[in-house]
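K.L.:
Here you go, one structure.
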Amino acid sequence: MDAIVLLREDHKTVDKLFKRFEKTGDGDTAERRTIADQVIEELTVHAWIEEKVFYPAARQAAPDTTDHILESIEEHHAVVWMLSEIKDMDPGDERFKAKMTVLMEQVRHHVEEEEQDWFPDVRKAMGRNRLTELGAELEAEKKKAPRDPLAVPSADSK
């Protein structure tokens with residue numbers, strides 16, 4: 001699978017989870033916890049594979065995307081921090097839904113920037129064969145990626 005297609009599929013998976021979360025009521029704490037745990041795993045793996053495999057390759061192939069990539073890394077840092085807080089938070093806590101809402105807003109903004117602002121430049125610079133090769137690398141890295149946001153090094157320590 002093409003790397004950009006794979007990343008977009010991840011984005012869709014997470015957005016479906018967000019929509020499920022948004023449909024929950026205040027009494028649905030068990031469902032909120034289940035969804036939040038799935039979001040935590042999906043986003044942790046996704047951020048990991050982007051930073052370890054996709055971003056370096058994109059930066060090399062399309063140097064004009066460097067500023068976007070650096071901003072994306074910082075956005076990941078903020079998201080991973082929120083994920084680590086949500087991970088240990090009681091879904092009945094009055095701030096749980098608010099924290100998930102802020103997370104959803106940040107992730108949706110991040111996805112929109114990636115998909116609209118710089119994925120097209122990366123696609124053009126890399127071409128189909130390289131993107132397919134990179135997609136296989138992303139798939140392989142997914143199997144090794146941490147599922148716990150606390151296991152992801154911060155952007156400052158890379």
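Going through the structure tokens in order, the chains are called A, B, and so on, while each chain numbers its residues from 1 and the ligands are numbered from 1 in the order shown.
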Quick one: residues within 12 Å of stretch 133-145 of chain A, only C-alpha atoms counted, chain neighbours fewer than 5 positions away excluded, as a count of residues only?
P.N.:
37
K.L.:
Which residues come within 6 Å of stretch 80-89 of chain A, counting only C-alpha atoms, excluding same-chain residues fewer than 4 positions away, as a PyMOL selection string?
P.N.:
chain A and resi 40+76+149
K.L.:
Mind writing the picked residues with all heavy atoms as a CSV table (one decimal), in the first residue's frame?
P.N.:
chain,number,residue,atom,x,y,z
A,40,ILE,N,-5.8,6.1,21.9
A,40,ILE,CA,-4.4,6.2,22.5
A,40,ILE,C,-3.5,5.3,21.7
A,40,ILE,O,-2.4,5.7,21.2
A,40,ILE,CB,-4.4,5.9,24.0
A,40,ILE,CG1,-5.1,7.0,24.8
A,40,ILE,CG2,-3.0,5.6,24.4
A,40,ILE,CD1,-5.4,6.7,26.2
A,76,HIS,N,2.6,16.5,17.3
A,76,HIS,CA,2.7,15.1,17.8
A,76,HIS,C,3.0,15.2,19.3
A,76,HIS,O,2.5,14.5,20.1
A,76,HIS,CB,3.7,14.3,17.1
A,76,HIS,CG,3.2,13.8,15.8
A,76,HIS,ND1,4.0,12.9,15.0
A,76,HIS,CD2,2.1,13.9,15.1
A,76,HIS,CE1,3.3,12.6,13.9
A,76,HIS,NE2,2.2,13.2,13.9
A,149,PRO,N,1.8,5.9,25.0
A,149,PRO,CA,2.4,7.2,24.7
A,149,PRO,C,3.6,7.5,25.6
A,149,PRO,O,4.4,8.3,25.2
A,149,PRO,CB,1.2,8.1,25.0
A,149,PRO,CG,0.2,7.4,25.8
A,149,PRO,CD,0.4,5.9,25.5
K.L.:
Could you jot down the atom CA of A:Phe21 to atom CA of A:Ile35 separation for me, Å, one decimal place?
P.N.:
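Separation between atom CA of A:Phe21 and atom CA of A:Ile35: 6.5 Å.
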K.L.:
List the spatial neighbours of A:Phe18 as number ranges by chain - criterion: any atom at most 10 Å away, only C-alpha atoms, same-chain residues fewer than 2 positions off excluded.
P.N.:
A: 12-16, 20-23, 35-36, 39, 100-101, 103-105, 107-108
K.L.:
Export N, CA, C and O atoms of the chosen residues as a short mmCIF file (atom, residue, chain, number, x, y, z; two decimals), in the first residue's frame?
P.N.:
data_model
loop_
_atom_site.label_atom_id
_atom_site.label_comp_id
_atom_site.auth_asym_id
_atom_site.auth_seq_id
_atom_site.Cartn_x
_atom_site.Cartn_y
_atom_site.Cartn_z
N LYS A 12 -8.59 8.09 8.98
CA LYS A 12 -10.01 7.73 8.94
C LYS A 12 -10.40 6.86 10.13
O LYS A 12 -11.47 7.04 10.70
N THR A 13 -9.52 5.93 10.48
CA THR A 13 -9.79 5.05 11.63
C THR A 13 -9.96 5.87 12.90
O THR A 13 -10.89 5.66 13.67
N VAL A 14 -9.05 6.82 13.11
CA VAL A 14 -9.11 7.65 14.31
C VAL A 14 -10.34 8.56 14.27
O VAL A 14 -11.02 8.73 15.29
N ASP A 15 -10.67 9.10 13.12
CA ASP A 15 -11.84 9.97 13.03
C ASP A 15 -13.12 9.20 13.34
O ASP A 15 -14.03 9.74 13.98
N LYS A 16 -13.20 7.95 12.92
CA LYS A 16 -14.37 7.12 13.25
C LYS A 16 -14.48 6.93 14.77
O LYS A 16 -15.57 6.96 15.32
N ARG A 20 -17.49 8.17 17.27
CA ARG A 20 -18.13 7.29 18.27
C ARG A 20 -18.09 7.95 19.64
O ARG A 20 -19.08 7.91 20.38
N PHE A 21 -16.95 8.54 20.00
CA PHE A 21 -16.82 9.20 21.29
C PHE A 21 -17.82 10.35 21.41
O PHE A 21 -18.46 10.52 22.45
N GLU A 22 -17.94 11.13 20.34
CA GLU A 22 -18.83 12.28 20.36
C GLU A 22 -20.30 11.89 20.55
O GLU A 22 -21.10 12.69 21.03
N LYS A 23 -20.64 10.66 20.19
CA LYS A 23 -22.02 10.19 20.33
C LYS A 23 -22.33 9.66 21.73
O LYS A 23 -23.48 9.38 22.04
N ILE A 35 -13.15 3.58 23.99
CA ILE A 35 -12.81 4.36 22.79
C ILE A 35 -11.51 5.12 23.01
O ILE A 35 -10.63 5.13 22.14
N ALA A 36 -11.37 5.74 24.17
CA ALA A 36 -10.14 6.49 24.46
C ALA A 36 -8.92 5.59 24.39
O ALA A 36 -7.88 5.98 23.84
N VAL A 39 -8.11 5.04 20.80
CA VAL A 39 -7.53 6.27 20.25
C VAL A 39 -6.08 6.39 20.67
O VAL A 39 -5.21 6.72 19.86
N MET A 100 -10.58 15.03 25.89
CA MET A 100 -10.76 14.30 24.63
C MET A 100 -11.21 15.26 23.52
O MET A 100 -10.77 15.13 22.37
N THR A 101 -12.05 16.23 23.84
CA THR A 101 -12.53 17.19 22.84
C THR A 101 -11.36 18.03 22.32
O THR A 101 -11.24 18.24 21.10
N LEU A 103 -8.21 17.14 22.33
CA LEU A 103 -7.40 16.20 21.55
C LEU A 103 -7.99 16.05 20.14
O LEU A 103 -7.26 16.14 19.14
N MET A 104 -9.28 15.85 20.05
CA MET A 104 -9.93 15.67 18.75
C MET A 104 -9.74 16.91 17.87
O MET A 104 -9.45 16.78 16.68
N GLU A 105 -9.90 18.09 18.46
CA GLU A 105 -9.72 19.32 17.69
C GLU A 105 -8.29 19.43 17.17
O GLU A 105 -8.07 19.77 15.99
N VAL A 107 -6.04 17.00 16.69
CA VAL A 107 -5.74 15.95 15.70
C VAL A 107 -6.42 16.26 14.38
O VAL A 107 -5.80 16.12 13.32
N ARG A 108 -7.64 16.71 14.41
CA ARG A 108 -8.33 17.04 13.15
C ARG A 108 -7.62 18.18 12.42
O ARG A 108 -7.51 18.15 11.19
#
K.L.:
Considering only C-alpha atoms, state which residue in the set A:Glu71, A:Arg33, A:His11, A:Leu17 is at the smallest distance from A:Lys97.
P.N.:
A:Arg33
K.L.:
Which parts of chain A does DSSP call helix (DSSP H, G or I) when run on the backbone here, written out as number ranges by chain?
P.N.:
A: 3-22, 29-61, 63-87, 96-144, 149-151, 155-157
K.L.:
Of the candidates A:Gln106, A:Val111, A:Asp148, A:Asp121, which shows the shortest atom-to-atom distance to A:Val79, using only C-alpha atoms?
P.N.:
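Residue with the minimum atom-to-atom distance to A:Val79: A:Gln106.
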